[in-house]
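See below for target.cif, which holds mmCIF, C-alpha atoms; chains and numbers go by the auth columns.
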data_target
loop_
_atom_site.group_PDB
_atom_site.id
_atom_site.type_symbol
_atom_site.label_atom_id
_atom_site.label_comp_id
_atom_site.label_asym_id
_atom_site.label_seq_id
_atom_site.Cartn_x
_atom_site.Cartn_y
_atom_site.Cartn_z
_atom_site.B_iso_or_equiv
_atom_site.auth_seq_id
_atom_site.auth_asym_id
ATOM 1 C CA MET A 1 26.382 -2.331 2.745 0.00 20 J
ATOM 2 C CA ALA A 2 29.659 -3.029 0.911 0.00 21 J
ATOM 3 C CA PHE A 3 29.742 -2.428 -2.825 0.00 22 J
ATOM 4 C CA SER A 4 31.648 -5.103 -4.734 0.00 23 J
ATOM 5 C CA LYS A 5 32.787 -2.885 -7.597 0.00 24 J
ATOM 6 C CA VAL A 6 34.602 -0.279 -5.481 0.00 25 J
ATOM 7 C CA LYS A 7 38.343 0.190 -5.925 0.00 26 J
ATOM 8 C CA ILE A 8 40.426 2.375 -3.610 0.00 27 J
ATOM 9 C CA VAL A 9 43.118 4.150 -5.614 0.00 28 J
ATOM 10 C CA ASN A 10 45.925 5.319 -3.333 0.00 29 J
ATOM 11 C CA THR A 11 49.089 4.806 -5.426 0.00 30 J
ATOM 12 C CA MET A 12 50.179 6.090 -8.827 0.00 31 J
ATOM 13 C CA LYS A 13 50.325 2.516 -10.132 0.00 32 J
ATOM 14 C CA LYS A 14 46.699 1.899 -9.174 0.00 33 J
ATOM 15 C CA CYS A 15 45.792 5.280 -10.635 0.00 34 J
ATOM 16 C CA ASP A 16 47.306 4.381 -14.013 0.00 35 J
ATOM 17 C CA ARG A 17 45.332 1.123 -14.099 0.00 36 J
ATOM 18 C CA ALA A 18 42.077 2.900 -13.248 0.00 37 J
ATOM 19 C CA LEU A 19 42.598 5.571 -15.889 0.00 38 J
ATOM 20 C CA GLN A 20 43.014 2.937 -18.598 0.00 39 J
ATOM 21 C CA GLU A 21 39.357 2.038 -18.038 0.00 40 J
ATOM 22 C CA LEU A 22 37.971 5.528 -17.375 0.00 41 J
ATOM 23 C CA ARG A 23 39.416 7.118 -20.522 0.00 42 J
ATOM 24 C CA ASN A 24 37.026 5.056 -22.668 0.00 43 J
ATOM 25 C CA GLU A 25 33.823 6.261 -20.968 0.00 44 J
ATOM 26 C CA ASP A 26 31.389 8.745 -22.554 0.00 45 J
ATOM 27 C CA PHE A 27 30.296 10.062 -19.170 0.00 46 J
ATOM 28 C CA LEU A 28 31.372 9.624 -15.563 0.00 47 J
ATOM 29 C CA ALA A 29 29.846 10.498 -12.197 0.00 48 J
ATOM 30 C CA VAL A 30 32.234 12.639 -10.151 0.00 49 J
ATOM 31 C CA ASP A 31 32.183 13.883 -6.570 0.00 50 J
ATOM 32 C CA ASP A 32 34.722 15.176 -4.066 0.00 51 J
ATOM 33 C CA LYS A 33 35.073 14.889 -0.307 0.00 52 J
ATOM 34 C CA GLY A 34 37.121 17.020 2.032 0.00 53 J
ATOM 35 C CA VAL A 35 37.254 19.042 5.222 0.00 54 J
ATOM 36 C CA ASN A 36 34.921 22.028 4.732 0.00 55 J
ATOM 37 C CA LEU A 37 35.496 21.539 1.008 0.00 56 J
ATOM 38 C CA SER A 38 36.064 24.886 -0.713 0.00 57 J
ATOM 39 C CA LYS A 39 38.792 27.050 -2.189 0.00 58 J
ATOM 40 C CA THR A 40 40.870 26.506 0.952 0.00 59 J
ATOM 41 C CA GLY A 41 39.125 23.572 2.645 0.00 60 J
ATOM 42 C CA PRO A 42 41.286 20.577 1.714 0.00 61 J
ATOM 43 C CA LEU A 43 40.051 18.060 -0.848 0.00 62 J
ATOM 44 C CA THR A 44 40.969 14.580 0.388 0.00 63 J
ATOM 45 C CA LEU A 45 39.009 12.149 -1.808 0.00 64 J
ATOM 46 C CA LEU A 46 37.696 12.169 -5.376 0.00 65 J
ATOM 47 C CA GLN A 47 35.073 9.598 -6.363 0.00 66 J
ATOM 48 C CA VAL A 48 34.420 8.516 -9.939 0.00 67 J
ATOM 49 C CA GLY A 49 31.568 6.221 -10.988 0.00 68 J
ATOM 50 C CA THR A 50 30.808 4.542 -14.309 0.00 69 J
ATOM 51 C CA LYS A 51 27.508 3.681 -15.958 0.00 70 J
ATOM 52 C CA ASP A 52 27.991 -0.022 -15.212 0.00 71 J
ATOM 53 C CA GLY A 53 28.292 0.583 -11.466 0.00 72 J
ATOM 54 C CA LYS A 54 32.062 0.634 -10.944 0.00 73 J
ATOM 55 C CA VAL A 55 33.393 3.148 -8.408 0.00 74 J
ATOM 56 C CA TYR A 56 36.947 4.418 -8.075 0.00 75 J
ATOM 57 C CA LEU A 57 37.882 6.246 -4.874 0.00 76 J
ATOM 58 C CA PHE A 58 40.984 8.323 -5.586 0.00 77 J
ATOM 59 C CA ASP A 59 42.663 8.880 -2.213 0.00 78 J
ATOM 60 C CA VAL A 60 44.174 12.321 -2.790 0.00 79 J
ATOM 61 C CA LEU A 61 45.107 12.706 0.878 0.00 80 J
ATOM 62 C CA THR A 62 47.360 9.651 0.768 0.00 81 J
ATOM 63 C CA GLU A 63 48.777 10.335 -2.712 0.00 82 J
ATOM 64 C CA PRO A 64 48.351 13.991 -3.876 0.00 83 J
ATOM 65 C CA ARG A 65 50.138 13.269 -7.156 0.00 84 J
ATOM 66 C CA ILE A 66 46.980 11.488 -8.309 0.00 85 J
ATOM 67 C CA LEU A 67 45.522 14.923 -9.075 0.00 86 J
ATOM 68 C CA LYS A 68 48.671 16.964 -9.527 0.00 87 J
ATOM 69 C CA THR A 69 50.079 14.872 -12.350 0.00 88 J
ATOM 70 C CA GLY A 70 48.896 12.308 -14.845 0.00 89 J
ATOM 71 C CA GLY A 71 45.681 11.380 -16.579 0.00 90 J
ATOM 72 C CA LEU A 72 43.025 12.071 -13.936 0.00 91 J
ATOM 73 C CA LYS A 73 43.526 15.808 -14.436 0.00 92 J
ATOM 74 C CA ALA A 74 43.140 15.267 -18.189 0.00 93 J
ATOM 75 C CA ILE A 75 39.836 13.433 -17.702 0.00 94 J
ATOM 76 C CA LEU A 76 38.429 16.173 -15.461 0.00 95 J
ATOM 77 C CA GLU A 77 39.442 18.809 -18.009 0.00 96 J
ATOM 78 C CA SER A 78 38.314 16.752 -21.030 0.00 97 J
ATOM 79 C CA GLU A 79 35.844 18.324 -23.464 0.00 98 J
ATOM 80 C CA THR A 80 34.669 14.907 -24.668 0.00 99 J
ATOM 81 C CA ILE A 81 33.977 13.014 -21.418 0.00 100 J
ATOM 82 C CA VAL A 82 30.945 14.379 -19.549 0.00 101 J
ATOM 83 C CA LYS A 83 31.398 14.717 -15.784 0.00 102 J
ATOM 84 C CA VAL A 84 28.037 14.261 -14.060 0.00 103 J
ATOM 85 C CA MET A 85 28.116 16.083 -10.711 0.00 104 J
ATOM 86 C CA HIS A 86 25.788 17.585 -8.132 0.00 105 J
ATOM 87 C CA SER A 87 26.479 21.109 -6.870 0.00 106 J
ATOM 88 C CA SER A 88 29.876 21.264 -8.536 0.00 107 J
ATOM 89 C CA LYS A 89 30.885 24.791 -7.498 0.00 108 J
ATOM 90 C CA ASN A 90 32.741 23.848 -4.281 0.00 109 J
ATOM 91 C CA ASP A 91 34.348 20.908 -6.071 0.00 110 J
ATOM 92 C CA ALA A 92 35.437 23.226 -8.881 0.00 111 J
ATOM 93 C CA ALA A 93 36.921 25.715 -6.403 0.00 112 J
ATOM 94 C CA ALA A 94 38.882 23.053 -4.523 0.00 113 J
ATOM 95 C CA LEU A 95 40.154 21.396 -7.699 0.00 114 J
ATOM 96 C CA TYR A 96 41.273 24.673 -9.238 0.00 115 J
ATOM 97 C CA TRP A 97 42.846 26.409 -6.258 0.00 116 J
ATOM 98 C CA GLN A 98 44.440 23.335 -4.694 0.00 117 J
ATOM 99 C CA PHE A 99 45.429 21.294 -7.756 0.00 118 J
ATOM 100 C CA GLY A 100 45.221 23.589 -10.783 0.00 119 J
ATOM 101 C CA VAL A 101 42.427 21.509 -12.337 0.00 120 J
ATOM 102 C CA GLN A 102 39.827 23.351 -14.428 0.00 121 J
ATOM 103 C CA LEU A 103 36.626 21.338 -14.787 0.00 122 J
ATOM 104 C CA HIS A 104 35.151 21.182 -18.278 0.00 123 J
ATOM 105 C CA ASN A 105 32.102 19.518 -19.828 0.00 124 J
ATOM 106 C CA VAL A 106 30.153 19.150 -16.582 0.00 125 J
ATOM 107 C CA PHE A 107 26.487 18.214 -16.249 0.00 126 J
ATOM 108 C CA ASP A 108 25.448 19.509 -12.826 0.00 127 J
ATOM 109 C CA THR A 109 22.189 17.915 -11.655 0.00 128 J
ATOM 110 C CA GLN A 110 21.491 20.713 -9.168 0.00 129 J
ATOM 111 C CA VAL A 111 21.907 23.418 -11.817 0.00 130 J
ATOM 112 C CA ALA A 112 19.940 21.408 -14.389 0.00 131 J
ATOM 113 C CA HIS A 113 17.031 21.139 -11.948 0.00 132 J
ATOM 114 C CA MET A 114 17.169 24.885 -11.299 0.00 133 J
ATOM 115 C CA GLN A 115 17.045 25.627 -15.033 0.00 134 J
ATOM 116 C CA LEU A 116 14.098 23.263 -15.455 0.00 135 J
ATOM 117 C CA GLN A 117 12.369 25.203 -12.662 0.00 136 J
ATOM 118 C CA ARG A 118 13.154 28.524 -14.349 0.00 137 J
ATOM 119 C CA ALA A 119 11.616 27.204 -17.563 0.00 138 J
ATOM 120 C CA GLU A 120 8.399 26.651 -15.602 0.00 139 J
ATOM 121 C CA GLY A 121 8.398 30.287 -14.487 0.00 140 J
ATOM 122 C CA ARG A 122 10.210 30.196 -11.146 0.00 141 J
ATOM 123 C CA ARG A 123 12.530 33.179 -11.066 0.00 142 J
ATOM 124 C CA LEU A 124 14.648 32.165 -8.082 0.00 143 J
ATOM 125 C CA PRO A 125 14.607 28.370 -7.764 0.00 144 J
ATOM 126 C CA SER A 126 16.037 26.783 -4.639 0.00 145 J
ATOM 127 C CA ARG A 127 19.213 24.729 -4.611 0.00 146 J
ATOM 128 C CA ILE A 128 18.136 21.264 -3.562 0.00 147 J
ATOM 129 C CA THR A 129 20.176 18.366 -2.212 0.00 148 J
ATOM 130 C CA LEU A 130 21.293 15.273 -4.072 0.00 149 J
ATOM 131 C CA PHE A 131 18.751 13.245 -2.085 0.00 150 J
ATOM 132 C CA GLU A 132 15.961 15.588 -3.217 0.00 151 J
ATOM 133 C CA VAL A 133 17.071 15.525 -6.855 0.00 152 J
ATOM 134 C CA CYS A 134 17.262 11.743 -6.710 0.00 153 J
ATOM 135 C CA GLY A 135 13.714 11.601 -5.342 0.00 154 J
ATOM 136 C CA LEU A 136 12.445 13.690 -8.251 0.00 155 J
ATOM 137 C CA TYR A 137 14.312 12.140 -11.157 0.00 156 J
ATOM 138 C CA CYS A 138 15.549 8.721 -10.008 0.00 157 J
ATOM 139 C CA PRO A 139 13.386 7.577 -7.060 0.00 158 J
ATOM 140 C CA GLN A 140 14.411 3.944 -7.501 0.00 159 J
ATOM 141 C CA LYS A 141 17.847 4.837 -6.106 0.00 160 J
ATOM 142 C CA THR A 142 16.859 6.941 -3.093 0.00 161 J
ATOM 143 C CA ASP A 143 17.400 3.988 -0.782 0.00 162 J
ATOM 144 C CA LEU A 144 21.120 4.191 -1.619 0.00 163 J
ATOM 145 C CA LEU A 145 21.263 7.667 -0.116 0.00 164 J
ATOM 146 C CA GLU A 146 19.190 7.186 3.033 0.00 165 J
ATOM 147 C CA LYS A 147 21.947 5.514 5.046 0.00 166 J
ATOM 148 C CA LYS A 148 24.472 7.950 3.621 0.00 167 J
ATOM 149 C CA GLU A 149 22.445 10.929 4.849 0.00 168 J
ATOM 150 C CA ASN A 150 22.244 9.406 8.320 0.00 169 J
ATOM 151 C CA LEU A 151 25.995 8.728 8.382 0.00 170 J
ATOM 152 C CA GLN A 152 26.868 12.250 7.283 0.00 171 J
ATOM 153 C CA THR A 153 24.639 13.856 9.918 0.00 172 J
ATOM 154 C CA CYS A 154 25.936 11.630 12.696 0.00 173 J
ATOM 155 C CA ARG A 155 29.608 12.003 11.776 0.00 174 J
ATOM 156 C CA LYS A 156 29.436 15.771 11.341 0.00 175 J
ATOM 157 C CA LYS A 157 28.145 16.124 14.885 0.00 176 J
ATOM 158 C CA ARG A 158 30.926 13.999 16.379 0.00 177 J
ATOM 159 C CA GLU A 159 33.883 14.358 14.017 0.00 178 J
ATOM 160 C CA GLY A 160 34.459 17.576 12.098 0.00 179 J
ATOM 161 C CA GLU A 161 37.228 16.082 9.968 0.00 180 J
ATOM 162 C CA LEU A 162 35.690 12.785 8.902 0.00 181 J
ATOM 163 C CA TRP A 163 37.151 12.833 5.388 0.00 182 J
ATOM 164 C CA ALA A 164 40.688 13.406 6.652 0.00 183 J
ATOM 165 C CA LYS A 165 40.693 10.085 8.510 0.00 184 J
ATOM 166 C CA ARG A 166 42.728 7.160 7.191 0.00 185 J
ATOM 167 C CA PRO A 167 42.327 4.315 6.756 0.00 186 J
ATOM 168 C CA MET A 168 38.733 4.826 5.618 0.00 187 J
ATOM 169 C CA THR A 169 36.102 2.752 7.367 0.00 188 J
ATOM 170 C CA GLN A 170 33.666 0.622 5.398 0.00 189 J
ATOM 171 C CA GLU A 171 30.956 3.161 6.249 0.00 190 J
ATOM 172 C CA MET A 172 33.037 5.935 4.716 0.00 191 J
ATOM 173 C CA ILE A 173 33.692 3.876 1.584 0.00 192 J
ATOM 174 C CA ASP A 174 29.984 3.105 1.206 0.00 193 J
ATOM 175 C CA CYS A 175 29.029 6.739 1.796 0.00 194 J
ATOM 176 C CA ALA A 176 31.505 8.019 -0.800 0.00 195 J
ATOM 177 C CA SER A 177 30.411 5.383 -3.311 0.00 196 J
ATOM 178 C CA GLN A 178 26.698 6.137 -3.005 0.00 197 J
ATOM 179 C CA ASP A 179 27.129 9.759 -4.087 0.00 198 J
ATOM 180 C CA VAL A 180 28.334 8.705 -7.524 0.00 199 J
ATOM 181 C CA LEU A 181 26.292 5.519 -7.915 0.00 200 J
ATOM 182 C CA VAL A 182 23.032 7.505 -7.882 0.00 201 J
ATOM 183 C CA LEU A 183 24.159 9.985 -10.556 0.00 202 J
ATOM 184 C CA VAL A 184 24.602 7.558 -13.453 0.00 203 J
ATOM 185 C CA PRO A 185 23.213 6.287 -15.617 0.00 204 J
ATOM 186 C CA GLU A 186 19.495 6.692 -14.802 0.00 205 J
ATOM 187 C CA MET A 187 19.471 10.161 -13.222 0.00 206 J
ATOM 188 C CA TYR A 188 21.791 11.635 -15.837 0.00 207 J
ATOM 189 C CA MET A 189 19.866 10.151 -18.759 0.00 208 J
ATOM 190 C CA THR A 190 16.498 11.232 -17.341 0.00 209 J
ATOM 191 C CA MET A 191 17.567 14.810 -16.634 0.00 210 J
ATOM 192 C CA LYS A 192 19.498 15.146 -19.881 0.00 211 J
ATOM 193 C CA GLY A 193 16.405 13.930 -21.752 0.00 212 J
ATOM 194 C CA LEU A 194 14.179 16.518 -20.028 0.00 213 J
ATOM 195 C CA VAL A 195 16.672 19.319 -20.677 0.00 214 J
ATOM 196 C CA ASN A 196 16.860 18.400 -24.371 0.00 215 J
ATOM 197 C CA GLU A 197 13.088 17.964 -24.650 0.00 216 J
ATOM 198 C CA LYS A 198 12.473 21.468 -23.301 0.00 217 J
ATOM 199 C CA GLY A 199 15.170 23.038 -25.457 0.00 218 J
ATOM 200 C CA LEU A 200 17.308 24.043 -22.486 0.00 219 J
ATOM 201 C CA THR A 201 20.628 22.453 -23.437 0.00 220 J
ATOM 202 C CA ARG A 202 22.385 25.739 -24.172 0.00 221 J
ATOM 203 C CA GLN A 203 20.998 27.475 -21.062 0.00 222 J
ATOM 204 C CA VAL A 204 22.010 24.589 -18.772 0.00 223 J
ATOM 205 C CA THR A 205 25.488 24.334 -20.302 0.00 224 J
ATOM 206 C CA GLU A 206 26.064 28.079 -20.019 0.00 225 J
ATOM 207 C CA ARG A 207 24.820 28.248 -16.425 0.00 226 J
ATOM 208 C CA ILE A 208 27.021 25.354 -15.312 0.00 227 J
ATOM 209 C CA SER A 209 30.036 26.918 -17.016 0.00 228 J
ATOM 210 C CA LEU A 210 29.280 30.235 -15.318 0.00 229 J
ATOM 211 C CA GLU A 211 29.138 28.647 -11.861 0.00 230 J
ATOM 212 C CA ILE A 212 32.429 26.837 -12.424 0.00 231 J
ATOM 213 C CA GLU A 213 34.032 30.028 -13.727 0.00 232 J
ATOM 214 C CA ALA A 214 32.784 31.873 -10.638 0.00 233 J
ATOM 215 C CA ALA A 215 34.527 29.277 -8.463 0.00 234 J
ATOM 216 C CA MET A 216 37.816 30.190 -10.131 0.00 235 J
ATOM 217 C CA ASP A 217 37.391 33.966 -10.552 0.00 236 J
ATOM 218 C CA GLU A 218 36.288 36.312 -7.775 0.00 237 J
ATOM 219 C CA ASP A 219 35.122 38.981 -10.244 0.00 238 J
ATOM 220 C CA VAL A 220 32.797 36.514 -11.962 0.00 239 J
ATOM 221 C CA LYS A 221 31.568 35.301 -8.569 0.00 240 J
ATOM 222 C CA LYS A 222 30.734 38.888 -7.627 0.00 241 J
ATOM 223 C CA LYS A 223 28.811 39.435 -10.892 0.00 242 J
ATOM 224 C CA VAL A 224 26.797 36.247 -10.348 0.00 243 J
ATOM 225 C CA LYS A 225 25.868 37.389 -6.851 0.00 244 J
ATOM 226 C CA GLU A 226 24.902 40.843 -8.149 0.00 245 J
ATOM 227 C CA ALA A 227 22.646 39.260 -10.785 0.00 246 J
ATOM 228 C CA ILE A 228 20.908 37.191 -8.093 0.00 247 J
ATOM 229 C CA ASP A 229 20.487 40.305 -5.944 0.00 248 J
ATOM 230 C CA VAL A 230 18.740 42.024 -8.857 0.00 249 J
ATOM 231 C CA VAL A 231 16.268 39.127 -9.151 0.00 250 J
ATOM 232 C CA VAL A 232 15.655 39.179 -5.381 0.00 251 J
ATOM 233 C CA LEU A 233 14.947 42.915 -5.528 0.00 252 J
ATOM 234 C CA GLU A 234 12.518 42.457 -8.417 0.00 253 J
ATOM 235 C CA ILE A 235 10.662 39.740 -6.507 0.00 254 J
ATOM 236 C CA LEU A 236 10.509 41.907 -3.380 0.00 255 J
ATOM 237 C CA GLN A 237 9.107 44.779 -5.419 0.00 256 J
ATOM 238 C CA THR A 238 6.474 42.463 -6.867 0.00 257 J
ATOM 239 C CA PHE A 239 5.547 41.230 -3.384 0.00 258 J
ATOM 240 C CA GLU A 240 5.298 44.802 -2.150 0.00 259 J
ATOM 241 C CA LYS A 241 2.759 45.624 -4.848 0.00 260 J
ATOM 242 C CA THR A 242 0.673 42.488 -4.468 0.00 261 J
ATOM 243 C CA THR A 243 0.960 41.154 -0.909 0.00 262 J
ATOM 244 C CA SER A 244 2.690 41.474 2.440 0.00 263 J
ATOM 245 C CA PRO A 245 6.527 41.376 2.259 0.00 264 J
ATOM 246 C CA PRO A 246 8.116 37.955 2.901 0.00 265 J
ATOM 247 C CA ASP A 247 9.753 37.393 6.266 0.00 266 J
ATOM 248 C CA SER A 248 12.824 35.578 4.943 0.00 267 J
ATOM 249 C CA LEU A 249 14.736 34.638 1.818 0.00 268 J
ATOM 250 C CA SER A 250 13.252 31.144 1.971 0.00 269 J
ATOM 251 C CA ASP A 251 9.861 32.710 1.386 0.00 270 J
ATOM 252 C CA ILE A 252 11.226 34.394 -1.730 0.00 271 J
ATOM 253 C CA THR A 253 12.715 31.208 -3.141 0.00 272 J
ATOM 254 C CA ASP A 254 9.302 29.579 -2.825 0.00 273 J
ATOM 255 C CA GLU A 255 7.525 32.441 -4.540 0.00 274 J
ATOM 256 C CA VAL A 256 4.364 31.791 -6.536 0.00 275 J
ATOM 257 C CA LYS A 257 5.133 31.318 -10.236 0.00 276 J
#
In structure tokens, how does this file's structure come out?
Amino acid sequence: MAFSKVKIVNTMKKCDRALQELRNEDFLAVDDKGVNLSKTGPLTLLQVGTKDGKVYLFDVLTEPRILKTGGLKAILESETIVKVMHSSKNDAAALYWQFGVQLHNVFDTQVAHMQLQRAEGRRLPSRITLFEVCGLYCPQKTDLLEKKENLQTCRKKREGELWAKRPMTQEMIDCASQDVLVLVPEMYMTMKGLVNEKGLTRQVTERISLEIEAAMDEDVKKKVKEAIDVVVLEILQTFEKTTSPPDSLSDITDEVK
């Protein structure tokens, strides 16, 4: 499936034209692709989607200056434009350590879901995939992700460096586009509404900021892990008093509320 509103941005001139439109948005869907994307795993593509269904694929592999200079960095660091992302911690690490970009004003759908679960009494909620979040909060768009999931699984088995290949195939373009098309506007508005309704805005904002900070600071990352370890220990102690110990961490993450 080819999406008609997708623009590949692989020159500084194209980047400047794209930014003229993106600067006026209240919120944007953002995702990154790369080879084992992380602090050191190279980021090769950054996708940005708008609420009216436009997608911009910033080809960082072809033109690294797209992220190293100019307005895209300013948008990602903006305190006024919301960046809607899913599981932003690896993206934040790659952006910071490879390009000096510090993400600000992020709404992370994975973290928001976890905080909603905590509000219902789950002490150690699982991190779920974008497909799973979409099924819970925006089921009308899950069909967009089904082919993408199949492509990712197939390509990972055969080609470990899919996102370092150029030129991109139509399948790659569609796959990259789908990840941002599902995030806005419906999923973002639905999840934001639930977070506000339950009075969790501050908790969600603080947790997302903490995860992004941990991606940029090893000391913070260590403290986050230690805090999780404390919760795991408390749950294990509770299990020990009430029932047989769990066999694996997955049993703990699915603990009874």
Any idea what's packed within 8 Å of J:Ala234, counting all atoms listed in the file, ignoring anything in its chain fewer than 4 positions away? Could you give it as a VMD selection string?
chain J and resid 58 108 to 109 111 to 112 230 240
So, with only C-alpha atoms as the atoms that count, which of J:Leu91, J:Leu41, J:Leu64, J:Ala113 lies closest to J:Asp78?
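Distance minimum relative to J:Asp78 lands on J:Leu64.
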Determine the residue set returned by the PyMOL selection byres ((chain J and resi 213-227) around 8) for the present structure, and present it as JSON, numbers by chain.
{"J": [125, 126, 127, 130, 131, 134, 135, 209, 210, 211, 212, 228, 229, 230, 231]}
Using C-alpha atoms, can you write the selected residues to a file as a compact mmCIF listing (two decimals), in the frame of the given file?
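Printed below is out_8.txt as written:
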# COMPACT_ATOMS: atom_id res chain seq x y z
CA VAL J 125 30.15 19.15 -16.58
CA PHE J 126 26.49 18.21 -16.25
CA ASP J 127 25.45 19.51 -12.83
CA VAL J 130 21.91 23.42 -11.82
CA ALA J 131 19.94 21.41 -14.39
CA GLN J 134 17.05 25.63 -15.03
CA LEU J 135 14.10 23.26 -15.46
CA THR J 209 16.50 11.23 -17.34
CA MET J 210 17.57 14.81 -16.63
CA LYS J 211 19.50 15.15 -19.88
CA GLY J 212 16.40 13.93 -21.75
CA SER J 228 30.04 26.92 -17.02
CA LEU J 229 29.28 30.24 -15.32
CA GLU J 230 29.14 28.65 -11.86
CA ILE J 231 32.43 26.84 -12.42
Taking the file as shown, find all residues satisfying the PyMOL selection byres ((chain J and resi 81) around 12) and write them as a list of chain:residue names.
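Evaluating the PyMOL selection byres ((chain J and resi 81) around 12) on this file yields J:Ile27, J:Val28, J:Asn29, J:Thr30, J:Met31, J:Leu62, J:Thr63, J:Leu64, J:Leu65, J:Leu76, J:Phe77, J:Asp78, J:Val79, J:Leu80, J:Glu82, J:Pro83, J:Arg84, J:Ile85, J:Leu86, J:Trp182, J:Ala183, J:Lys184, J:Arg185, J:Pro186, J:Met187.
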Find the distance between atom CA of J:Asp51 and atom CA of J:Gly90 and write it in Å to one decimal.
17.1 Å
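Atom pair atom CA of J:Ile100 / atom CA of J:Ala37 has a distance of 15.3 Å (rounded to one decimal).
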With the cut-off set at 7 Å and counting all atoms listed in the file, tabulate each residue of stretch 101-135 of chain J with an atom at most that distance from an atom of stretch 139-150 of chain J, showing the nearest atom pair and its distance in Å to one decimal, ordered by chain and increasing number, as JSON lines.
{"residue": "J:His105", "atom": "CA", "partner": "J:Leu149", "partner_atom": "CA", "distance": 6.5}
{"residue": "J:Gln129", "atom": "CA", "partner": "J:Arg146", "partner_atom": "CA", "distance": 6.5}
{"residue": "J:Met133", "atom": "CA", "partner": "J:Pro144", "partner_atom": "CA", "distance": 5.6}
{"residue": "J:Leu135", "atom": "CA", "partner": "J:Glu139", "partner_atom": "CA", "distance": 6.6}
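Our summary of the geometry notes that atom CA of J:Leu200 is positioned 11.1 Å from atom CA of J:Met104.
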Would you compute the box with edges along x, y and z of the file around stretch 123-132 of chain J, including every atom the file lists for it and 4 Å extra on each side, and give its centre and edge lengths in Å to one decimal, as lines of an AutoDock Vina configuration file?
center_x = 26.1
center_y = 20.7
center_z = -14.5
size_x = 26.1
size_y = 13.5
size_z = 18.7
I want to know what sits within 9 Å of stretch 157-160 of chain J, based on only C-alpha atoms, with residues of the same chain fewer than 4 positions away left out; could you give that as a PyMOL selection string?
chain J and resi 152-153+164+200-202+205-206+209
Go ahead and write the selection's residues with C-alpha atoms as an mmCIF file, in the frame of the given file.
data_model
loop_
_atom_site.group_PDB
_atom_site.id
_atom_site.type_symbol
_atom_site.label_atom_id
_atom_site.label_comp_id
_atom_site.auth_asym_id
_atom_site.auth_seq_id
_atom_site.Cartn_x
_atom_site.Cartn_y
_atom_site.Cartn_z
ATOM 1 C CA VAL J 152 17.071 15.525 -6.855
ATOM 2 C CA CYS J 153 17.262 11.743 -6.710
ATOM 3 C CA LEU J 164 21.263 7.667 -0.116
ATOM 4 C CA LEU J 200 26.292 5.519 -7.915
ATOM 5 C CA VAL J 201 23.032 7.505 -7.882
ATOM 6 C CA LEU J 202 24.159 9.985 -10.556
ATOM 7 C CA GLU J 205 19.495 6.692 -14.802
ATOM 8 C CA MET J 206 19.471 10.161 -13.222
ATOM 9 C CA THR J 209 16.498 11.232 -17.341
#
Expansion of the PyMOL selection byres ((chain J and resi 124) around 6) into residues, as JSON, numbers by chain
{"J": [98, 101, 123, 125]}
Given the selection you just returned, output its residues as a file containing C-alpha atoms, formatted as a CSV table (one decimal), in the frame of the given file.
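Written out: again.csv:
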chain,number,residue,atom,x,y,z
J,98,GLU,CA,35.8,18.3,-23.5
J,101,VAL,CA,30.9,14.4,-19.5
J,123,HIS,CA,35.2,21.2,-18.3
J,125,VAL,CA,30.2,19.2,-16.6
Let me make sure I understand: among J:Leu181, J:Thr188, J:Gly89, J:Phe118, which one has the smallest atom-to-atom distance to J:Gln39 if we use only C-alpha atoms?
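Of the candidates, the smallest distance to J:Gln39 is held by J:Gly89.
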I'd like to know which of J:Val203, J:Val25, J:Val250, J:Val243 is closest to J:Val49, using all atoms listed in the file.
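Checking each of J:Val203, J:Val25, J:Val250, J:Val243 against J:Val49, counting all atoms listed in the file, the winner is J:Val203.
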Using all atoms listed in the file, which residues sit within 8 Å of J:Lys73 once same-chain residues fewer than 4 positions away are excluded, as a PyMOL selection string?
chain J and resi 24-25+68-69
Prev. selection, C-alpha atoms, output as a short mmCIF file (atom, residue, chain, number, x, y, z; two decimals), in the coordinates of the input:
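Below you can see again.cif, which holds the result:
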data_model
loop_
_atom_site.label_atom_id
_atom_site.label_comp_id
_atom_site.auth_asym_id
_atom_site.auth_seq_id
_atom_site.Cartn_x
_atom_site.Cartn_y
_atom_site.Cartn_z
CA LYS J 24 32.79 -2.88 -7.60
CA VAL J 25 34.60 -0.28 -5.48
CA GLY J 68 31.57 6.22 -10.99
CA THR J 69 30.81 4.54 -14.31
#
If I put a ball of radius 9 Å at (31.2, 9.3, -0.5) in the file's coordinates, which residues poke into it when counting all atoms listed in the file, written as a ChimeraX atom specification?
/J:50-52,64-66,76,167,191-199
Selection to disk with C-alpha atoms, as a PDB file, in the frame of the given file:
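What follows is the written file result28.pdb:
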ATOM      1  CA  ASP J  50      32.183  13.883  -6.570  1.00  0.00           C
ATOM      2  CA  ASP J  51      34.722  15.176  -4.066  1.00  0.00           C
ATOM      3  CA  LYS J  52      35.073  14.889  -0.307  1.00  0.00           C
ATOM      4  CA  LEU J  64      39.009  12.149  -1.808  1.00  0.00           C
ATOM      5  CA  LEU J  65      37.696  12.169  -5.376  1.00  0.00           C
ATOM      6  CA  GLN J  66      35.073   9.598  -6.363  1.00  0.00           C
ATOM      7  CA  LEU J  76      37.882   6.246  -4.874  1.00  0.00           C
ATOM      8  CA  LYS J 167      24.472   7.950   3.621  1.00  0.00           C
ATOM      9  CA  MET J 191      33.037   5.935   4.716  1.00  0.00           C
ATOM     10  CA  ILE J 192      33.692   3.876   1.584  1.00  0.00           C
ATOM     11  CA  ASP J 193      29.984   3.105   1.206  1.00  0.00           C
ATOM     12  CA  CYS J 194      29.029   6.739   1.796  1.00  0.00           C
ATOM     13  CA  ALA J 195      31.505   8.019  -0.800  1.00  0.00           C
ATOM     14  CA  SER J 196      30.411   5.383  -3.311  1.00  0.00           C
ATOM     15  CA  GLN J 197      26.698   6.137  -3.005  1.00  0.00           C
ATOM     16  CA  ASP J 198      27.129   9.759  -4.087  1.00  0.00           C
ATOM     17  CA  VAL J 199      28.334   8.705  -7.524  1.00  0.00           C
TER      18      VAL J 199
END
